[in-house]
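Source file: structure-v9.tsv (TSV, C-alpha atoms and all ligand atoms)
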```
chain	number	residue	atom	x	y	z
A	14	MET	CA	138.34	61.07	-5.07
A	15	ALA	CA	136.11	58.03	-5.37
A	16	ALA	CA	135.69	55.99	-2.23
A	17	LYS	CA	138.06	53.08	-2.11
A	18	LYS	CA	136.32	50.08	-3.59
A	19	LYS	CA	136.65	46.70	-1.99
A	20	SER	CA	140.05	45.68	-3.24
A	21	LYS	CA	140.50	42.57	-5.32
A	22	THR	CA	143.82	41.89	-3.70
A	23	SER	CA	144.09	39.84	-0.55
A	24	GLU	CA	145.27	42.94	1.29
A	25	GLY	CA	141.85	44.54	1.09
A	26	THR	CA	139.83	41.37	1.50
A	27	PRO	CA	137.51	41.43	4.50
A	28	SER	CA	138.30	38.49	6.73
A	29	GLN	CA	134.82	37.65	7.97
A	30	PRO	CA	131.65	36.60	6.16
A	31	THR	CA	128.94	39.26	5.97
A	32	GLU	CA	126.53	36.85	7.62
A	33	PRO	CA	127.46	34.04	10.03
A	34	LEU	CA	128.05	30.72	8.29
A	35	SER	CA	126.07	29.07	11.05
A	36	ARG	CA	123.08	30.80	9.45
A	37	LEU	CA	124.12	30.57	5.79
A	38	LEU	CA	125.02	26.88	5.84
A	39	ARG	CA	122.35	25.66	8.19
A	40	LEU	CA	120.01	23.23	6.48
A	41	PRO	CA	116.50	24.69	6.52
A	42	SER	CA	113.93	22.44	8.16
A	43	GLY	CA	111.58	20.50	5.94
A	44	PRO	CA	112.01	18.22	2.94
A	45	VAL	CA	115.56	17.94	1.57
A	46	ASP	CA	116.11	18.13	-2.18
A	47	MET	CA	119.72	17.08	-2.74
A	48	ALA	CA	119.67	18.45	-6.29
A	49	ALA	CA	118.92	21.90	-4.91
A	50	LEU	CA	122.05	21.95	-2.73
A	51	ASP	CA	124.92	23.36	-4.77
A	52	PRO	CA	128.18	21.50	-3.99
A	53	ALA	CA	130.25	24.25	-5.63
A	54	ALA	CA	128.72	27.20	-3.76
A	55	THR	CA	130.90	29.57	-1.74
A	56	HIS	CA	128.27	31.01	0.61
A	57	GLY	CA	129.62	33.80	2.78
A	58	TYR	CA	133.17	33.53	1.48
A	59	PRO	CA	134.74	36.95	1.99
A	60	GLY	CA	137.55	36.50	-0.54
A	61	VAL	CA	137.57	36.72	-4.31
A	62	GLY	CA	138.58	33.16	-5.05
A	63	LYS	CA	140.92	30.33	-4.31
A	64	ASP	CA	144.03	32.50	-4.01
A	65	ASP	CA	142.68	34.25	-0.93
A	66	ALA	CA	141.79	31.03	0.85
A	67	PRO	CA	145.10	30.12	2.53
A	68	ALA	CA	145.38	33.60	4.05
A	69	LEU	CA	141.73	33.67	5.10
A	70	THR	CA	141.94	30.24	6.68
A	71	GLU	CA	145.23	30.97	8.44
A	72	ALA	CA	143.83	34.27	9.70
A	73	LEU	CA	141.43	32.22	11.81
A	74	ALA	CA	144.23	30.36	13.55
A	75	PRO	CA	145.08	32.81	16.38
A	76	GLU	CA	141.45	33.21	17.40
A	77	LEU	CA	140.66	29.51	17.10
A	78	SER	CA	143.69	28.76	19.17
A	79	ASP	CA	142.72	31.25	21.89
A	80	LEU	CA	139.13	29.98	22.00
A	81	GLN	CA	140.22	26.37	22.16
A	82	GLU	CA	142.64	27.14	24.98
A	83	ARG	CA	139.85	28.76	27.00
A	84	LEU	CA	137.69	25.70	26.47
A	85	TYR	CA	140.53	23.41	27.50
A	86	ALA	CA	141.39	25.54	30.56
A	87	ASN	CA	137.80	25.28	31.74
A	88	GLY	CA	137.87	21.54	31.25
A	89	ARG	CA	140.96	21.39	33.45
A	90	SER	CA	139.62	23.56	36.25
A	91	GLU	CA	135.96	22.46	36.20
A	92	PRO	CA	135.96	18.93	34.82
A	93	GLU	CA	132.34	18.40	35.89
A	94	GLN	CA	130.82	21.47	34.30
A	95	ALA	CA	132.96	22.62	31.39
A	96	PRO	CA	131.39	22.52	27.95
A	97	SER	CA	132.75	20.55	25.01
A	98	VAL	CA	132.31	20.69	21.25
A	99	LEU	CA	131.78	17.90	18.76
A	100	VAL	CA	132.50	18.42	15.06
A	101	LEU	CA	130.84	15.54	13.21
A	102	LEU	CA	131.91	14.99	9.60
A	103	GLN	CA	129.87	12.97	7.13
A	104	GLY	CA	130.19	12.80	3.38
A	105	MET	CA	130.75	10.47	0.46
A	106	ASP	CA	134.26	9.15	-0.24
A	107	THR	CA	136.62	11.93	-1.40
A	108	SER	CA	134.35	14.62	0.07
A	109	GLY	CA	137.30	15.66	2.21
A	110	LYS	CA	136.81	14.56	5.79
A	111	GLY	CA	140.56	14.04	6.07
A	112	GLY	CA	141.32	17.36	4.41
A	113	VAL	CA	139.09	19.22	6.84
A	114	ILE	CA	140.75	17.53	9.79
A	115	ARG	CA	144.22	18.40	8.49
A	116	HIS	CA	143.55	21.96	7.34
A	117	ALA	CA	140.79	23.24	9.62
A	118	MET	CA	141.16	21.23	12.82
A	119	GLY	CA	144.95	21.21	12.40
A	120	MET	CA	144.98	24.82	13.54
A	121	VAL	CA	144.25	24.03	17.17
A	122	ASP	CA	146.39	22.41	19.85
A	123	PRO	CA	146.28	18.64	19.33
A	124	GLN	CA	146.15	18.19	23.11
A	125	GLY	CA	142.64	19.62	23.07
A	126	ILE	CA	141.39	17.38	20.27
A	127	GLN	CA	139.75	13.96	20.54
A	128	LEU	CA	139.64	12.50	17.04
A	129	THR	CA	137.76	9.31	16.24
A	130	SER	CA	137.47	7.70	12.80
A	131	PHE	CA	134.62	5.24	12.56
A	132	LYS	CA	135.30	2.30	10.28
A	133	ALA	CA	133.23	-0.81	9.66
A	134	PRO	CA	132.48	-2.04	13.20
A	135	THR	CA	134.82	-4.58	14.77
A	136	LYS	CA	133.55	-7.86	16.14
A	137	GLU	CA	133.42	-6.36	19.60
A	138	GLU	CA	131.61	-3.24	18.41
A	139	LEU	CA	129.08	-5.39	16.57
A	140	SER	CA	128.29	-7.23	19.77
A	141	HIS	CA	127.00	-3.95	21.26
A	142	HIS	CA	124.28	-1.48	20.33
A	143	TYR	CA	125.43	0.71	17.41
A	144	LEU	CA	125.61	3.79	19.65
A	145	TRP	CA	127.97	2.08	22.09
A	146	ARG	CA	131.16	3.01	20.25
A	147	ILE	CA	129.81	6.51	19.57
A	148	ARG	CA	129.11	7.16	23.27
A	149	ARG	CA	132.61	6.06	24.22
A	150	ALA	CA	134.13	8.55	21.77
A	151	LEU	CA	132.19	11.64	22.93
A	152	PRO	CA	134.46	14.55	23.87
A	153	ARG	CA	135.28	15.00	27.53
A	154	PRO	CA	134.59	18.43	29.11
A	155	GLY	CA	136.94	21.05	27.66
A	156	MET	CA	137.70	19.02	24.56
A	157	ILE	CA	136.90	19.38	20.88
A	158	GLY	CA	135.80	16.01	19.56
A	159	ILE	CA	135.99	15.23	15.86
A	160	PHE	CA	134.02	12.37	14.36
A	161	ASP	CA	135.31	11.20	10.98
A	162	ARG	CA	132.09	9.38	10.06
A	163	SER	CA	129.66	8.72	12.88
A	164	GLN	CA	126.39	7.19	14.06
A	165	TYR	CA	125.00	8.26	10.69
A	166	GLU	CA	126.81	5.38	8.97
A	167	ASP	CA	124.19	3.25	10.69
A	168	VAL	CA	121.49	4.81	8.52
A	169	LEU	CA	123.73	5.28	5.44
A	170	VAL	CA	126.00	2.36	4.48
A	171	VAL	CA	123.94	0.08	6.69
A	172	ARG	CA	120.77	1.05	4.84
A	173	VAL	CA	122.24	1.10	1.33
A	174	ASP	CA	124.02	-2.24	1.74
A	175	GLN	CA	121.11	-3.74	3.70
A	176	LEU	CA	123.36	-4.76	6.56
A	177	VAL	CA	120.32	-4.88	8.85
A	178	PRO	CA	116.62	-5.14	7.93
A	179	VAL	CA	114.55	-2.00	7.25
A	180	SER	CA	112.59	-2.63	10.44
A	181	GLU	CA	115.83	-2.16	12.35
A	182	TRP	CA	117.38	0.91	10.72
A	183	SER	CA	114.11	2.79	10.26
A	184	GLY	CA	113.81	3.44	14.00
A	185	ARG	CA	117.31	4.83	14.22
A	186	TYR	CA	116.54	8.39	13.11
A	187	ASP	CA	114.40	9.03	16.19
A	188	GLU	CA	116.88	7.16	18.33
A	189	ILE	CA	119.77	9.28	17.06
A	190	ASN	CA	117.76	12.46	17.68
A	191	ALA	CA	117.08	11.41	21.28
A	192	PHE	CA	120.73	10.43	21.75
A	193	GLU	CA	121.98	13.76	20.40
A	194	ARG	CA	119.55	15.62	22.65
A	195	LYS	CA	121.12	13.97	25.69
A	196	VAL	CA	124.60	14.77	24.40
A	197	VAL	CA	123.67	18.43	23.97
A	198	GLU	CA	121.96	18.57	27.37
A	199	SER	CA	125.11	17.25	28.98
A	200	GLY	CA	127.01	20.32	27.71
A	201	THR	CA	128.32	19.35	24.28
A	202	THR	CA	127.76	21.65	21.31
A	203	VAL	CA	127.25	19.42	18.29
A	204	ILE	CA	128.25	20.73	14.84
A	205	LYS	CA	127.09	18.27	12.21
A	206	CYS	CA	128.76	18.89	8.86
A	207	PHE	CA	127.63	17.20	5.68
A	208	LEU	CA	130.47	17.58	3.19
A	209	HIS	CA	128.57	17.81	-0.06
A	210	VAL	CA	130.56	16.74	-3.11
A	211	SER	CA	129.16	16.22	-6.62
A	212	PHE	CA	129.20	12.97	-8.59
A	213	GLU	CA	131.47	14.57	-11.21
A	214	GLU	CA	133.94	15.97	-8.67
A	215	GLN	CA	134.16	12.61	-6.93
A	216	LYS	CA	135.12	11.01	-10.23
A	217	GLN	CA	137.86	13.60	-10.74
A	218	ARG	CA	139.23	13.04	-7.23
A	219	LEU	CA	139.25	9.26	-7.62
A	220	ALA	CA	141.03	9.66	-10.98
A	221	ASP	CA	143.57	12.00	-9.34
A	222	ARG	CA	144.30	9.40	-6.72
A	223	LEU	CA	145.10	6.89	-9.43
A	224	ALA	CA	147.23	9.35	-11.36
A	225	SER	CA	150.04	9.67	-8.85
A	226	PRO	CA	151.84	7.10	-6.72
A	227	GLU	CA	151.76	9.42	-3.69
A	228	LYS	CA	147.99	9.17	-3.73
A	229	TYR	CA	147.54	5.44	-4.21
A	230	TRP	CA	147.21	5.01	-0.45
A	231	LYS	CA	144.10	7.16	-0.49
A	232	TYR	CA	142.49	5.03	-3.16
A	233	ASN	CA	140.21	2.22	-2.14
A	234	PRO	CA	138.70	0.04	-4.89
A	235	LYS	CA	135.60	-0.22	-2.69
A	236	ASP	CA	134.97	3.50	-3.20
A	237	VAL	CA	133.98	2.73	-6.80
A	238	ASP	CA	131.46	0.17	-5.55
A	239	ALA	CA	129.92	2.81	-3.27
A	240	ARG	CA	129.98	5.26	-6.19
A	241	ALA	CA	127.92	2.82	-8.23
A	242	LYS	CA	125.22	3.16	-5.58
A	243	TRP	CA	125.25	6.96	-5.70
A	244	PRO	CA	121.45	7.45	-6.04
A	245	ALA	CA	120.78	5.14	-3.09
A	246	TYR	CA	123.34	7.03	-1.01
A	247	GLN	CA	121.87	10.39	-1.98
A	248	GLN	CA	118.45	9.16	-0.88
A	249	ALA	CA	119.86	7.86	2.39
A	250	TYR	CA	121.67	11.16	2.97
A	251	ALA	CA	118.53	13.15	2.15
A	252	ASP	CA	116.59	11.19	4.77
A	253	ALA	CA	119.32	11.46	7.42
A	254	LEU	CA	119.59	15.19	6.82
A	255	GLU	CA	115.86	15.74	6.87
A	256	ARG	CA	114.95	13.51	9.78
A	257	CYS	CA	117.85	14.43	12.04
A	258	ASN	CA	117.88	18.18	11.44
A	259	THR	CA	116.84	19.12	14.96
A	260	GLU	CA	116.93	22.41	16.84
A	261	HIS	CA	119.44	20.98	19.32
A	262	ALA	CA	121.71	19.43	16.69
A	263	PRO	CA	121.05	20.90	13.24
A	264	TRP	CA	122.85	19.92	10.04
A	265	PHE	CA	125.20	22.24	8.22
A	266	VAL	CA	125.66	21.58	4.52
A	267	ILE	CA	129.25	22.34	3.48
A	268	PRO	CA	129.63	22.73	-0.29
A	269	SER	CA	132.75	20.64	-0.86
A	270	ASP	CA	133.57	20.68	-4.57
A	271	ARG	CA	136.04	23.46	-3.81
A	272	LYS	CA	138.44	22.20	-1.20
A	273	TRP	CA	139.62	25.68	-0.27
A	274	TYR	CA	136.07	26.82	0.50
A	275	ARG	CA	135.24	23.63	2.40
A	276	ASN	CA	138.27	23.94	4.70
A	277	TRP	CA	137.73	27.62	5.37
A	278	ALA	CA	134.01	27.08	5.98
A	279	VAL	CA	134.44	24.37	8.61
A	280	ALA	CA	137.11	26.38	10.44
A	281	GLN	CA	134.82	29.39	10.38
A	282	LEU	CA	131.85	27.37	11.60
A	283	LEU	CA	133.90	26.05	14.51
A	284	ARG	CA	135.05	29.58	15.33
A	285	GLU	CA	131.48	30.87	15.38
A	286	HIS	CA	130.31	28.11	17.69
A	287	LEU	CA	133.23	28.62	20.07
A	288	VAL	CA	132.59	32.37	20.16
A	289	GLY	CA	128.93	31.60	20.89
A	290	LEU	CA	129.93	29.63	23.97
A	291	ASP	CA	131.40	32.83	25.41
A	292	ILE	CA	134.00	31.07	27.48
A	293	GLY	CA	136.04	33.09	29.96
A	294	TRP	CA	139.31	32.12	31.61
A	295	PRO	CA	138.84	30.14	34.81
A	296	GLU	CA	139.23	32.00	38.09
A	297	ALA	CA	142.35	31.34	40.11
A	298	THR	CA	141.79	28.73	42.79
A	299	PHE	CA	144.46	30.37	44.96
A	300	ASP	CA	145.22	33.85	46.28
A	301	VAL	CA	147.13	35.47	43.41
A	302	ALA	CA	148.77	38.19	45.55
A	303	ASP	CA	149.90	35.65	48.14
A	304	GLU	CA	151.34	33.44	45.44
A	305	GLN	CA	153.12	36.38	43.78
A	306	THR	CA	154.79	37.11	47.09
A	307	ARG	CA	155.77	33.50	47.55
A	308	VAL	CA	157.27	33.31	44.06
A	309	ALA	CA	159.13	36.59	44.52
A	310	GLU	CA	160.59	35.37	47.81
A	311	SER	CA	161.49	31.95	46.53
A	401	LIG	P1	137.24	5.36	5.33
A	401	LIG	O1	136.51	6.46	6.05
A	401	LIG	O2	137.51	5.70	3.90
A	401	LIG	O3	138.45	4.90	6.06
A	401	LIG	O4	136.25	4.12	5.24
A	401	LIG	C1	135.63	3.60	6.36
A	401	LIG	C2	134.61	2.60	5.91
A	401	LIG	O5	133.93	2.11	7.05
A	401	LIG	C3	133.57	3.16	4.97
A	401	LIG	O6	133.41	2.33	3.86
A	401	LIG	C4	132.31	3.18	5.81
A	401	LIG	O7	131.13	3.02	5.06
A	401	LIG	C5	132.56	2.01	6.74
A	401	LIG	N1	131.75	2.12	7.95
A	401	LIG	C6	131.78	3.07	8.89
A	401	LIG	N2	130.85	2.87	9.83
A	401	LIG	C7	130.19	1.75	9.48
A	401	LIG	C8	129.09	1.02	10.03
A	401	LIG	N3	128.48	1.43	11.15
A	401	LIG	N4	128.70	-0.10	9.40
A	401	LIG	C9	129.30	-0.50	8.26
A	401	LIG	N5	130.33	0.14	7.69
A	401	LIG	C10	130.77	1.26	8.28
A	402	MG	MG	137.79	6.29	1.96
```

Go ahead and render the structure in this file as structure tokens.
Ligand code: AMP
Ligand code: MG
Amino acid sequence: MAAKKKSKTSEGTPSQPTEPLSRLLRLPSGPVDMAALDPAATHGYPGVGKDDAPALTEALAPELSDLQERLYANGRSEPEQAPSVLVLLQGMDTSGKGGVIRHAMGMVDPQGIQLTSFKAPTKEELSHHYLWRIRRALPRPGMIGIFDRSQYEDVLVVRVDQLVPVSEWSGRYDEINAFERKVVESGTTVIKCFLHVSFEEQKQRLADRLASPEKYWKYNPKDVDARAKWPAYQQAYADALERCNTEHAPWFVIPSDRKWYRNWAVAQLLREHLVGLDIGWPEATFDVADEQTRVAES
């Protein structure tokens, strides 16, 4: 009998990519050509298509949950030394930062998550250096931080809309690299995800938001203004990706035209980084046998 071929049903679908996504999605160093990055790609996806995605994504939940609990436990028992993880999400409007947070990050215990959404700076924030609010939002030991937008807005919207002069934003790439180096050296693993959506797909998603009353709340007329500046944004993204693609905090490009791939990919990327940290359970800080006796006799 012929060897069993890889089944097309979800039952036979392998659950892991053949190669780690942290390798497949990592932006190579050197010049960035946005046109060469395919927003509809499904690099490393072990399923056949969309139908497999919910099962593949959910299959990650038990392991993600276990890994996150280890991280959290270490943060509790060694608050000075425990590592932390920061998932930083950047992308054009509709690229799915919210979807990733709901579907991928939603799989771990909310008590271990520190989520920060960066909007246009408040008056107070504007009175400080642009990294001030970023620093304050960094994950504490044992925590998984999520940045919905980030310090990169200060070389994206700020550059495109000329909110500060060129002389001011042009020095920020090196400054961000130095800042991220310190963050990494202090024990935080930084996973920078660029959610890459195409111009056409963005149009479809904006139209979808206008097509149903349940989605009006997601629609912001300003998104169309930003869309009108698409080439300037793509150039700003290309420069941020290229200039801040460091060894200590590299960029991962997440093809985001297919929501199901995007959500699975970010969950998988988080899983790989957590596995890489190789976190054990903290040692007991008491004599286990003694305590067992005490409990039994109580
Ligand atoms: P949203 O993520 O859709 O809620 O939108 C947040 C808005 O805040 C976007 O239009 C961002 O461009 C804007 N924003 C975030 N950070 C900054 C910043 N540093 N300077 C100016 N605008 C910002
Ligand atoms: Mg928006």

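Note that the spacing between atom CA of Ile159 of chain A and atom CA of Leu102 of chain A amounts to 7.5 Å.
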
- Message: Please find the residues contacting ligand LIG 401 (chain A) at a distance of at most 6 Å between atoms, with all atoms listed in the file counted, and report them as a count of residues only.
- Response: 8

- Note on the structure: The residue from A:Lys228, A:His56, A:His261, A:Arg307 with the smallest atom-to-atom distance to Ile204 of chain A, counting only C-alpha atoms, is A:His261

- Message: Hey, which residues sit close to ligand MG 402 (chain A)? Say within 12 Å, counting only C-alpha atoms and all ligand atoms, and write them as an NGL selection string.
- Response: :A and (103-112 or 130-133 or 161-162 or 215 or 218-219 or 222 or 229-240)

- Item | Within 7 Å of segment 267-276 of chain A using only C-alpha atoms, minus same-chain residues under 3 positions, as a count of residues only | 21
